[in-house]
Amino acid sequence: MSLPDFLIIGAPKTGTSALHRALAGHPELFLPSVKEPKFFLTDGPPPSTGGGPGDVATWGEHVWRRDDYEALFDPAPPGTRRGEGTVFYLYDRDAHRRIAELLPAVRLIAVLRDPVERAHSNWSHLREAGLEPEADFLAACRAEPERRADGWAHFWHYVAQGSYGEQLDHLTGLVDPERTLLLRYRDLRDEPVATADRVCAFLGVATGRIPEVPRHHVRPDVSGRAGGGPSAEERAALLPAFADDVPRVEARTGWDLTDWVR
């Protein structure tokens with residue numbers, strides 16, 4: 001049986017692609033060439049109709065059959081630790097249950113980013129890809145409840161995906177917190193090699209074997225605003241959505257997240 005020993009579970013737009021590429025170069029780790037197989041997001045085949053723009057095509061990429069999922073890890077050299085990264089696992093409460101049931105000893109890695117910045121980056125990504133029909137970031141956020149009710153996929157849930165405290169509270173009710181490593185996006189950005197070494201130590205493999213972490217793909221700001229990112233007005237409008245959740249993250253991690261609520 002070939003199943004993963006560790007999972008990169010989230011969050012989207014936090015540099016996990018760069019981390020995935022870096023870990024894949026470690027001689028004691030194996031990550032399949034298929035990034036984000038999304039196996040734990042469903043109990044069977046994903047939807048084949050509906051959703052938001054482009055969702056049907058994305059659902060078609062799910063590796064949802066267990067035999068196909070295990071086959072991803074068959075090429076792993078003996079003795080290596082196997083892993084995969086699907087950034088929606090942290091957000092998806094049903095995925096938590098499926099992971100806990102099938103992988104009782106799995107180690108989990110999550111990278112957390114300022115939730116307003118993360119939401120804006122998420123919207124920018126889809127807008128640039130020609131998939132986000134709403135040119136106004138806040139309008140897209142206001143449309144989120146209706147979109148979720150209509151079955152749009154996780155990547156459209158700009159605000160809800162940033163409620164990390166709520167997600168972690170649910171996850172740790174099923175998985176021992178000692179088997180979950182939480183990282184800050186700014187540490188991965190500013191101290192990438194040291195952060196990669198933290199991951200290696202957590203996974204029980206040699207440190208000092210990852211000389212660099214490739215820069216994740218930085219997308220241009222579609223609004224043309226100098227420096228990119230949300231405006232002060234957008235930030236002020238969205239911060240109340242996270243007012244209760246950020247303290248939960250601080251309590252769980254011991255981090256000072258003043259910059260998240262400023």
# chains A, B, ... in the order shown; residues from 1 in each chain; ligands from 1
call {"tool": "select_by_dssp", "arguments": {"residues": "region 11-191 of chain A", "states": "helix (DSSP H, G or I)", "output": "JSON list (two decimals) with N, CA and C atoms, in the first residue's frame"}}
result
[["chain", "number", "residue", "atom", "x", "y", "z"],
["A", 16, "THR", "N", 2.88, 27.81, -1.15],
["A", 16, "THR", "CA", 3.01, 26.36, -1.03],
["A", 16, "THR", "C", 3.58, 25.72, -2.29],
["A", 17, "SER", "N", 3.37, 26.33, -3.44],
["A", 17, "SER", "CA", 3.96, 25.77, -4.67],
["A", 17, "SER", "C", 5.48, 25.80, -4.60],
["A", 18, "ALA", "N", 6.03, 26.90, -4.08],
["A", 18, "ALA", "CA", 7.47, 27.00, -3.92],
["A", 18, "ALA", "C", 7.97, 25.98, -2.91],
["A", 19, "LEU", "N", 7.25, 25.83, -1.81],
["A", 19, "LEU", "CA", 7.65, 24.86, -0.80],
["A", 19, "LEU", "C", 7.59, 23.45, -1.36],
["A", 20, "HIS", "N", 6.55, 23.15, -2.12],
["A", 20, "HIS", "CA", 6.41, 21.83, -2.75],
["A", 20, "HIS", "C", 7.62, 21.54, -3.64],
["A", 21, "ARG", "N", 7.99, 22.50, -4.48],
["A", 21, "ARG", "CA", 9.11, 22.28, -5.39],
["A", 21, "ARG", "C", 10.41, 22.07, -4.61],
["A", 22, "ALA", "N", 10.58, 22.85, -3.53],
["A", 22, "ALA", "CA", 11.81, 22.70, -2.75],
["A", 22, "ALA", "C", 11.89, 21.33, -2.08],
["A", 23, "LEU", "N", 10.80, 20.89, -1.47],
["A", 23, "LEU", "CA", 10.80, 19.60, -0.79],
["A", 23, "LEU", "C", 10.99, 18.46, -1.77],
["A", 24, "ALA", "N", 10.47, 18.62, -2.97],
["A", 24, "ALA", "CA", 10.60, 17.55, -3.98],
["A", 24, "ALA", "C", 12.06, 17.31, -4.35],
["A", 39, "PHE", "N", -7.36, 14.25, -3.60],
["A", 39, "PHE", "CA", -8.01, 12.97, -3.30],
["A", 39, "PHE", "C", -8.98, 13.06, -2.13],
["A", 40, "PHE", "N", -8.62, 13.78, -1.08],
["A", 40, "PHE", "CA", -9.44, 13.79, 0.13],
["A", 40, "PHE", "C", -10.59, 14.79, 0.07],
["A", 41, "LEU", "N", -10.80, 15.44, -1.05],
["A", 41, "LEU", "CA", -11.88, 16.41, -1.16],
["A", 41, "LEU", "C", -13.24, 15.79, -1.45],
["A", 55, "ASP", "N", -14.68, 25.54, -13.17],
["A", 55, "ASP", "CA", -14.69, 24.51, -12.12],
["A", 55, "ASP", "C", -14.81, 23.10, -12.68],
["A", 56, "VAL", "N", -15.60, 22.92, -13.71],
["A", 56, "VAL", "CA", -15.79, 21.57, -14.25],
["A", 56, "VAL", "C", -14.46, 21.00, -14.74],
["A", 57, "ALA", "N", -13.68, 21.82, -15.42],
["A", 57, "ALA", "CA", -12.37, 21.36, -15.90],
["A", 57, "ALA", "C", -11.46, 21.00, -14.73],
["A", 58, "THR", "N", -11.49, 21.81, -13.68],
["A", 58, "THR", "CA", -10.65, 21.53, -12.52],
["A", 58, "THR", "C", -11.11, 20.26, -11.81],
["A", 59, "TRP", "N", -12.41, 20.08, -11.66],
["A", 59, "TRP", "CA", -12.91, 18.86, -11.04],
["A", 59, "TRP", "C", -12.47, 17.63, -11.83],
["A", 66, "ARG", "N", -9.00, 5.49, -5.28],
["A", 66, "ARG", "CA", -7.90, 5.18, -4.36],
["A", 66, "ARG", "C", -6.74, 4.50, -5.08],
["A", 67, "ASP", "N", -7.02, 3.59, -5.99],
["A", 67, "ASP", "CA", -5.94, 2.91, -6.70],
["A", 67, "ASP", "C", -5.08, 3.91, -7.46],
["A", 68, "ASP", "N", -5.72, 4.88, -8.09],
["A", 68, "ASP", "CA", -4.97, 5.89, -8.84],
["A", 68, "ASP", "C", -4.16, 6.77, -7.89],
["A", 69, "TYR", "N", -4.74, 7.06, -6.73],
["A", 69, "TYR", "CA", -4.04, 7.89, -5.76],
["A", 69, "TYR", "C", -2.80, 7.17, -5.23],
["A", 70, "GLU", "N", -2.97, 5.92, -4.86],
["A", 70, "GLU", "CA", -1.82, 5.16, -4.36],
["A", 70, "GLU", "C", -0.75, 5.01, -5.43],
["A", 71, "ALA", "N", -1.16, 4.90, -6.68],
["A", 71, "ALA", "CA", -0.19, 4.75, -7.76],
["A", 71, "ALA", "C", 0.72, 5.96, -7.89],
["A", 72, "LEU", "N", 0.26, 7.12, -7.43],
["A", 72, "LEU", "CA", 1.11, 8.31, -7.48],
["A", 72, "LEU", "C", 2.37, 8.13, -6.65],
["A", 73, "PHE", "N", 2.29, 7.32, -5.59],
["A", 73, "PHE", "CA", 3.40, 7.16, -4.66],
["A", 73, "PHE", "C", 4.20, 5.88, -4.90],
["A", 93, "ARG", "N", -13.73, 20.74, 5.72],
["A", 93, "ARG", "CA", -13.93, 20.00, 6.97],
["A", 93, "ARG", "C", -14.10, 18.50, 6.72],
["A", 94, "ASP", "N", -14.75, 18.11, 5.62],
["A", 94, "ASP", "CA", -14.89, 16.69, 5.32],
["A", 94, "ASP", "C", -13.54, 16.06, 4.99],
["A", 95, "ALA", "N", -12.66, 16.84, 4.37],
["A", 95, "ALA", "CA", -11.31, 16.34, 4.11],
["A", 95, "ALA", "C", -10.59, 16.02, 5.41],
["A", 96, "HIS", "N", -10.80, 16.83, 6.43],
["A", 96, "HIS", "CA", -10.19, 16.55, 7.74],
["A", 96, "HIS", "C", -10.55, 15.14, 8.20],
["A", 97, "ARG", "N", -11.83, 14.82, 8.12],
["A", 97, "ARG", "CA", -12.30, 13.51, 8.57],
["A", 97, "ARG", "C", -11.68, 12.39, 7.73],
["A", 98, "ARG", "N", -11.69, 12.57, 6.43],
["A", 98, "ARG", "CA", -11.15, 11.52, 5.55],
["A", 98, "ARG", "C", -9.66, 11.30, 5.81],
["A", 99, "ILE", "N", -8.92, 12.38, 6.00],
["A", 99, "ILE", "CA", -7.49, 12.27, 6.28],
["A", 99, "ILE", "C", -7.26, 11.53, 7.60],
["A", 100, "ALA", "N", -8.00, 11.93, 8.63],
["A", 100, "ALA", "CA", -7.83, 11.30, 9.94],
["A", 100, "ALA", "C", -8.14, 9.82, 9.91],
["A", 101, "GLU", "N", -9.12, 9.43, 9.14],
["A", 101, "GLU", "CA", -9.52, 8.02, 9.07],
["A", 101, "GLU", "C", -8.53, 7.18, 8.28],
["A", 102, "LEU", "N", -8.04, 7.69, 7.15],
["A", 102, "LEU", "CA", -7.18, 6.88, 6.29],
["A", 102, "LEU", "C", -5.71, 6.98, 6.68],
["A", 115, "PRO", "N", -5.08, 37.13, 6.11],
["A", 115, "PRO", "CA", -6.25, 36.67, 5.37],
["A", 115, "PRO", "C", -6.78, 37.66, 4.34],
["A", 116, "VAL", "N", -6.60, 38.96, 4.59],
["A", 116, "VAL", "CA", -7.04, 39.94, 3.59],
["A", 116, "VAL", "C", -6.13, 39.89, 2.37],
["A", 117, "GLU", "N", -4.81, 39.84, 2.61],
["A", 117, "GLU", "CA", -3.87, 39.74, 1.49],
["A", 117, "GLU", "C", -4.10, 38.44, 0.71],
["A", 118, "ARG", "N", -4.34, 37.36, 1.46],
["A", 118, "ARG", "CA", -4.57, 36.08, 0.80],
["A", 118, "ARG", "C", -5.80, 36.13, -0.09],
["A", 119, "ALA", "N", -6.88, 36.73, 0.42],
["A", 119, "ALA", "CA", -8.12, 36.84, -0.36],
["A", 119, "ALA", "C", -7.90, 37.66, -1.62],
["A", 120, "HIS", "N", -7.19, 38.76, -1.49],
["A", 120, "HIS", "CA", -6.95, 39.61, -2.66],
["A", 120, "HIS", "C", -6.09, 38.90, -3.69],
["A", 121, "SER", "N", -5.07, 38.19, -3.23],
["A", 121, "SER", "CA", -4.21, 37.44, -4.15],
["A", 121, "SER", "C", -5.00, 36.36, -4.87],
["A", 122, "ASN", "N", -5.90, 35.71, -4.16],
["A", 122, "ASN", "CA", -6.77, 34.68, -4.73],
["A", 122, "ASN", "C", -7.66, 35.27, -5.83],
["A", 123, "TRP", "N", -8.29, 36.41, -5.51],
["A", 123, "TRP", "CA", -9.13, 37.09, -6.50],
["A", 123, "TRP", "C", -8.31, 37.53, -7.70],
["A", 124, "SER", "N", -7.12, 38.09, -7.46],
["A", 124, "SER", "CA", -6.25, 38.54, -8.55],
["A", 124, "SER", "C", -5.87, 37.39, -9.47],
["A", 125, "HIS", "N", -5.57, 36.25, -8.87],
["A", 125, "HIS", "CA", -5.20, 35.06, -9.64],
["A", 125, "HIS", "C", -6.31, 34.69, -10.62],
["A", 126, "LEU", "N", -7.53, 34.60, -10.12],
["A", 126, "LEU", "CA", -8.64, 34.19, -10.99],
["A", 126, "LEU", "C", -9.02, 35.29, -11.97],
["A", 127, "ARG", "N", -8.88, 36.54, -11.54],
["A", 127, "ARG", "CA", -9.17, 37.65, -12.46],
["A", 127, "ARG", "C", -8.19, 37.65, -13.62],
["A", 128, "GLU", "N", -6.92, 37.47, -13.32],
["A", 128, "GLU", "CA", -5.90, 37.44, -14.36],
["A", 128, "GLU", "C", -6.10, 36.26, -15.31],
["A", 137, "PHE", "N", -12.88, 43.86, -6.32],
["A", 137, "PHE", "CA", -12.54, 42.86, -5.32],
["A", 137, "PHE", "C", -13.60, 42.73, -4.24],
["A", 138, "LEU", "N", -14.04, 43.85, -3.67],
["A", 138, "LEU", "CA", -15.03, 43.79, -2.59],
["A", 138, "LEU", "C", -16.37, 43.27, -3.08],
["A", 139, "ALA", "N", -16.73, 43.62, -4.31],
["A", 139, "ALA", "CA", -17.98, 43.09, -4.87],
["A", 139, "ALA", "C", -17.90, 41.58, -5.00],
["A", 140, "ALA", "N", -16.73, 41.07, -5.40],
["A", 140, "ALA", "CA", -16.56, 39.62, -5.49],
["A", 140, "ALA", "C", -16.69, 38.97, -4.12],
["A", 141, "CYS", "N", -16.17, 39.64, -3.09],
["A", 141, "CYS", "CA", -16.30, 39.11, -1.73],
["A", 141, "CYS", "C", -17.75, 39.12, -1.27],
["A", 142, "ARG", "N", -18.48, 40.18, -1.62],
["A", 142, "ARG", "CA", -19.89, 40.24, -1.23],
["A", 142, "ARG", "C", -20.71, 39.18, -1.95],
["A", 144, "GLU", "N", -19.76, 36.21, -2.45],
["A", 144, "GLU", "CA", -19.32, 34.88, -2.03],
["A", 144, "GLU", "C", -20.43, 34.00, -1.45],
["A", 145, "PRO", "N", -21.27, 34.50, -0.56],
["A", 145, "PRO", "CA", -22.32, 33.61, -0.03],
["A", 145, "PRO", "C", -23.21, 33.02, -1.12],
["A", 146, "GLU", "N", -23.59, 33.83, -2.09],
["A", 146, "GLU", "CA", -24.42, 33.32, -3.17],
["A", 146, "GLU", "C", -23.66, 32.32, -4.02],
["A", 147, "ARG", "N", -22.41, 32.61, -4.29],
["A", 147, "ARG", "CA", -21.59, 31.68, -5.07],
["A", 147, "ARG", "C", -21.43, 30.34, -4.36],
["A", 148, "ARG", "N", -21.19, 30.39, -3.06],
["A", 148, "ARG", "CA", -21.04, 29.15, -2.30],
["A", 148, "ARG", "C", -22.34, 28.35, -2.33],
["A", 149, "ALA", "N", -23.46, 29.04, -2.19],
["A", 149, "ALA", "CA", -24.76, 28.36, -2.25],
["A", 149, "ALA", "C", -25.00, 27.73, -3.61],
["A", 154, "HIS", "N", -13.99, 25.66, -4.00],
["A", 154, "HIS", "CA", -13.32, 26.28, -2.87],
["A", 154, "HIS", "C", -12.52, 27.52, -3.24],
["A", 155, "PHE", "N", -11.88, 27.52, -4.41],
["A", 155, "PHE", "CA", -10.97, 28.61, -4.76],
["A", 155, "PHE", "C", -11.70, 29.95, -4.87],
["A", 156, "TRP", "N", -13.00, 29.92, -5.02],
["A", 156, "TRP", "CA", -13.79, 31.14, -5.08],
["A", 156, "TRP", "C", -14.18, 31.67, -3.70],
["A", 160, "ALA", "N", -13.97, 33.06, 3.24],
["A", 160, "ALA", "CA", -14.11, 31.89, 4.11],
["A", 160, "ALA", "C", -12.81, 31.12, 4.24],
["A", 161, "GLN", "N", -11.99, 31.10, 3.19],
["A", 161, "GLN", "CA", -10.74, 30.36, 3.28],
["A", 161, "GLN", "C", -9.77, 30.98, 4.28],
["A", 162, "GLY", "N", -9.97, 32.24, 4.64],
["A", 162, "GLY", "CA", -9.07, 32.90, 5.58],
["A", 162, "GLY", "C", -9.43, 32.72, 7.03],
["A", 164, "TYR", "N", -8.74, 30.74, 9.39],
["A", 164, "TYR", "CA", -7.85, 29.66, 9.78],
["A", 164, "TYR", "C", -8.11, 29.14, 11.19],
["A", 165, "GLY", "N", -8.45, 30.03, 12.10],
["A", 165, "GLY", "CA", -8.69, 29.59, 13.47],
["A", 165, "GLY", "C", -9.81, 28.58, 13.55],
["A", 166, "GLU", "N", -10.89, 28.86, 12.87],
["A", 166, "GLU", "CA", -12.03, 27.94, 12.83],
["A", 166, "GLU", "C", -11.62, 26.62, 12.20],
["A", 167, "GLN", "N", -10.86, 26.70, 11.11],
["A", 167, "GLN", "CA", -10.43, 25.48, 10.42],
["A", 167, "GLN", "C", -9.52, 24.64, 11.31],
["A", 168, "LEU", "N", -8.60, 25.29, 12.00],
["A", 168, "LEU", "CA", -7.66, 24.57, 12.85],
["A", 168, "LEU", "C", -8.35, 23.97, 14.07],
["A", 169, "ASP", "N", -9.33, 24.67, 14.60],
["A", 169, "ASP", "CA", -10.08, 24.11, 15.72],
["A", 169, "ASP", "C", -10.75, 22.80, 15.32],
["A", 170, "HIS", "N", -11.31, 22.77, 14.13],
["A", 170, "HIS", "CA", -11.96, 21.54, 13.66],
["A", 170, "HIS", "C", -10.93, 20.45, 13.39],
["A", 171, "LEU", "N", -9.84, 20.83, 12.74],
["A", 171, "LEU", "CA", -8.81, 19.86, 12.37],
["A", 171, "LEU", "C", -8.21, 19.20, 13.61],
["A", 177, "PRO", "N", -2.54, 17.84, 17.41],
["A", 177, "PRO", "CA", -1.84, 19.07, 17.01],
["A", 177, "PRO", "C", -0.33, 18.91, 16.90],
["A", 178, "GLU", "N", 0.24, 17.94, 17.60],
["A", 178, "GLU", "CA", 1.68, 17.71, 17.53],
["A", 178, "GLU", "C", 2.11, 17.23, 16.15],
["A", 179, "ARG", "N", 1.15, 16.75, 15.38],
["A", 179, "ARG", "CA", 1.46, 16.28, 14.02],
["A", 179, "ARG", "C", 1.11, 17.32, 12.95],
["A", 185, "TYR", "N", 3.47, 32.75, 6.32],
["A", 185, "TYR", "CA", 3.84, 33.07, 4.94],
["A", 185, "TYR", "C", 5.06, 33.99, 4.90],
["A", 186, "ARG", "N", 5.11, 34.97, 5.80],
["A", 186, "ARG", "CA", 6.21, 35.93, 5.74],
["A", 186, "ARG", "C", 7.54, 35.24, 6.05],
["A", 187, "ASP", "N", 7.54, 34.18, 6.86],
["A", 187, "ASP", "CA", 8.77, 33.45, 7.14],
["A", 187, "ASP", "C", 9.22, 32.67, 5.90],
["A", 188, "LEU", "N", 8.27, 32.07, 5.20],
["A", 188, "LEU", "CA", 8.60, 31.35, 3.98],
["A", 188, "LEU", "C", 9.12, 32.33, 2.92],
["A", 189, "ARG", "N", 8.56, 33.53, 2.92],
["A", 189, "ARG", "CA", 8.97, 34.55, 1.96],
["A", 189, "ARG", "C", 10.34, 35.15, 2.30],
["A", 190, "ASP", "N", 10.54, 35.47, 3.60],
["A", 190, "ASP", "CA", 11.74, 36.21, 4.00],
["A", 190, "ASP", "C", 12.89, 35.31, 4.41]]
call {"tool": "decode", "arguments": {"residues": "region 37-134 of chain A", "atoms": "C-alpha atoms", "output": "PDB file, in the first residue's frame"}}
result
ATOM      1  CA  PRO A  37      -4.365  15.482  -6.565  1.00  0.00           C
ATOM      2  CA  LYS A  38      -7.293  16.564  -4.320  1.00  0.00           C
ATOM      3  CA  PHE A  39      -8.011  12.967  -3.298  1.00  0.00           C
ATOM      4  CA  PHE A  40      -9.441  13.794   0.134  1.00  0.00           C
ATOM      5  CA  LEU A  41     -11.880  16.413  -1.158  1.00  0.00           C
ATOM      6  CA  THR A  42     -14.530  13.867  -2.143  1.00  0.00           C
ATOM      7  CA  ASP A  43     -15.749  10.411  -1.169  1.00  0.00           C
ATOM      8  CA  GLY A  44     -16.216   9.541  -4.827  1.00  0.00           C
ATOM      9  CA  PRO A  45     -16.180  11.306  -8.175  1.00  0.00           C
ATOM     10  CA  PRO A  46     -16.267  15.117  -8.036  1.00  0.00           C
ATOM     11  CA  PRO A  47     -19.128  17.050  -9.669  1.00  0.00           C
ATOM     12  CA  SER A  48     -19.246  17.048 -13.452  1.00  0.00           C
ATOM     13  CA  THR A  49     -21.544  20.040 -13.916  1.00  0.00           C
ATOM     14  CA  GLY A  50     -22.211  23.415 -12.328  1.00  0.00           C
ATOM     15  CA  GLY A  51     -19.841  25.444 -10.223  1.00  0.00           C
ATOM     16  CA  GLY A  52     -18.068  28.628 -11.192  1.00  0.00           C
ATOM     17  CA  PRO A  53     -16.146  29.456 -14.374  1.00  0.00           C
ATOM     18  CA  GLY A  54     -13.618  26.708 -15.040  1.00  0.00           C
ATOM     19  CA  ASP A  55     -14.692  24.515 -12.122  1.00  0.00           C
ATOM     20  CA  VAL A  56     -15.792  21.569 -14.251  1.00  0.00           C
ATOM     21  CA  ALA A  57     -12.373  21.361 -15.898  1.00  0.00           C
ATOM     22  CA  THR A  58     -10.652  21.528 -12.517  1.00  0.00           C
ATOM     23  CA  TRP A  59     -12.912  18.856 -11.040  1.00  0.00           C
ATOM     24  CA  GLY A  60     -11.932  16.657 -13.963  1.00  0.00           C
ATOM     25  CA  GLU A  61      -8.334  16.741 -12.698  1.00  0.00           C
ATOM     26  CA  HIS A  62      -9.195  15.143  -9.328  1.00  0.00           C
ATOM     27  CA  VAL A  63      -7.429  11.882  -8.560  1.00  0.00           C
ATOM     28  CA  TRP A  64     -10.396  10.430  -6.707  1.00  0.00           C
ATOM     29  CA  ARG A  65      -9.993   6.674  -7.152  1.00  0.00           C
ATOM     30  CA  ARG A  66      -7.900   5.184  -4.363  1.00  0.00           C
ATOM     31  CA  ASP A  67      -5.935   2.905  -6.699  1.00  0.00           C
ATOM     32  CA  ASP A  68      -4.971   5.886  -8.844  1.00  0.00           C
ATOM     33  CA  TYR A  69      -4.039   7.892  -5.760  1.00  0.00           C
ATOM     34  CA  GLU A  70      -1.816   5.164  -4.359  1.00  0.00           C
ATOM     35  CA  ALA A  71      -0.193   4.753  -7.761  1.00  0.00           C
ATOM     36  CA  LEU A  72       1.110   8.310  -7.481  1.00  0.00           C
ATOM     37  CA  PHE A  73       3.401   7.158  -4.664  1.00  0.00           C
ATOM     38  CA  ASP A  74       4.491   3.810  -6.112  1.00  0.00           C
ATOM     39  CA  PRO A  75       7.648   5.316  -7.697  1.00  0.00           C
ATOM     40  CA  ALA A  76       8.926   6.524  -4.307  1.00  0.00           C
ATOM     41  CA  PRO A  77      12.388   5.093  -3.570  1.00  0.00           C
ATOM     42  CA  PRO A  78      12.512   2.746  -0.572  1.00  0.00           C
ATOM     43  CA  GLY A  79      12.924   4.560   2.722  1.00  0.00           C
ATOM     44  CA  THR A  80      11.769   7.951   1.507  1.00  0.00           C
ATOM     45  CA  ARG A  81       8.908   9.823   3.129  1.00  0.00           C
ATOM     46  CA  ARG A  82       6.025  10.322   0.722  1.00  0.00           C
ATOM     47  CA  GLY A  83       3.902  13.438   0.559  1.00  0.00           C
ATOM     48  CA  GLU A  84       1.587  15.561  -1.542  1.00  0.00           C
ATOM     49  CA  GLY A  85       0.179  19.061  -1.418  1.00  0.00           C
ATOM     50  CA  THR A  86      -3.463  19.998  -1.897  1.00  0.00           C
ATOM     51  CA  VAL A  87      -4.079  23.449  -0.467  1.00  0.00           C
ATOM     52  CA  PHE A  88      -7.827  23.020   0.020  1.00  0.00           C
ATOM     53  CA  TYR A  89      -7.483  20.266   2.623  1.00  0.00           C
ATOM     54  CA  LEU A  90      -7.175  22.802   5.455  1.00  0.00           C
ATOM     55  CA  TYR A  91     -10.387  24.530   4.414  1.00  0.00           C
ATOM     56  CA  ASP A  92     -12.476  21.417   3.749  1.00  0.00           C
ATOM     57  CA  ARG A  93     -13.933  19.995   6.969  1.00  0.00           C
ATOM     58  CA  ASP A  94     -14.894  16.686   5.317  1.00  0.00           C
ATOM     59  CA  ALA A  95     -11.314  16.336   4.107  1.00  0.00           C
ATOM     60  CA  HIS A  96     -10.187  16.549   7.742  1.00  0.00           C
ATOM     61  CA  ARG A  97     -12.298  13.510   8.569  1.00  0.00           C
ATOM     62  CA  ARG A  98     -11.146  11.520   5.555  1.00  0.00           C
ATOM     63  CA  ILE A  99      -7.488  12.267   6.282  1.00  0.00           C
ATOM     64  CA  ALA A 100      -7.829  11.304   9.945  1.00  0.00           C
ATOM     65  CA  GLU A 101      -9.518   8.021   9.068  1.00  0.00           C
ATOM     66  CA  LEU A 102      -7.175   6.880   6.286  1.00  0.00           C
ATOM     67  CA  LEU A 103      -3.883   8.346   7.533  1.00  0.00           C
ATOM     68  CA  PRO A 104      -3.896   8.133  11.351  1.00  0.00           C
ATOM     69  CA  ALA A 105      -0.157   8.920  11.621  1.00  0.00           C
ATOM     70  CA  VAL A 106       0.091  11.547   8.880  1.00  0.00           C
ATOM     71  CA  ARG A 107       1.996  14.791   9.413  1.00  0.00           C
ATOM     72  CA  LEU A 108       0.378  17.982   8.176  1.00  0.00           C
ATOM     73  CA  ILE A 109       1.933  21.266   7.058  1.00  0.00           C
ATOM     74  CA  ALA A 110       0.020  24.530   6.639  1.00  0.00           C
ATOM     75  CA  VAL A 111       1.229  27.986   5.651  1.00  0.00           C
ATOM     76  CA  LEU A 112      -0.917  30.881   6.892  1.00  0.00           C
ATOM     77  CA  ARG A 113      -0.968  34.350   5.352  1.00  0.00           C
ATOM     78  CA  ASP A 114      -2.667  37.613   6.308  1.00  0.00           C
ATOM     79  CA  PRO A 115      -6.248  36.666   5.368  1.00  0.00           C
ATOM     80  CA  VAL A 116      -7.039  39.938   3.592  1.00  0.00           C
ATOM     81  CA  GLU A 117      -3.871  39.737   1.489  1.00  0.00           C
ATOM     82  CA  ARG A 118      -4.573  36.075   0.798  1.00  0.00           C
ATOM     83  CA  ALA A 119      -8.117  36.836  -0.359  1.00  0.00           C
ATOM     84  CA  HIS A 120      -6.951  39.614  -2.660  1.00  0.00           C
ATOM     85  CA  SER A 121      -4.212  37.436  -4.151  1.00  0.00           C
ATOM     86  CA  ASN A 122      -6.772  34.678  -4.730  1.00  0.00           C
ATOM     87  CA  TRP A 123      -9.135  37.091  -6.499  1.00  0.00           C
ATOM     88  CA  SER A 124      -6.253  38.544  -8.549  1.00  0.00           C
ATOM     89  CA  HIS A 125      -5.198  35.058  -9.643  1.00  0.00           C
ATOM     90  CA  LEU A 126      -8.643  34.191 -10.988  1.00  0.00           C
ATOM     91  CA  ARG A 127      -9.173  37.647 -12.461  1.00  0.00           C
ATOM     92  CA  GLU A 128      -5.897  37.437 -14.364  1.00  0.00           C
ATOM     93  CA  ALA A 129      -6.812  33.951 -15.565  1.00  0.00           C
ATOM     94  CA  GLY A 130     -10.004  35.359 -17.085  1.00  0.00           C
ATOM     95  CA  LEU A 131     -12.203  33.348 -14.734  1.00  0.00           C
ATOM     96  CA  GLU A 132     -13.317  35.978 -12.215  1.00  0.00           C
ATOM     97  CA  PRO A 133     -16.190  37.976 -13.764  1.00  0.00           C
ATOM     98  CA  GLU A 134     -16.228  40.642 -11.042  1.00  0.00           C
TER      99      GLU A 134
END
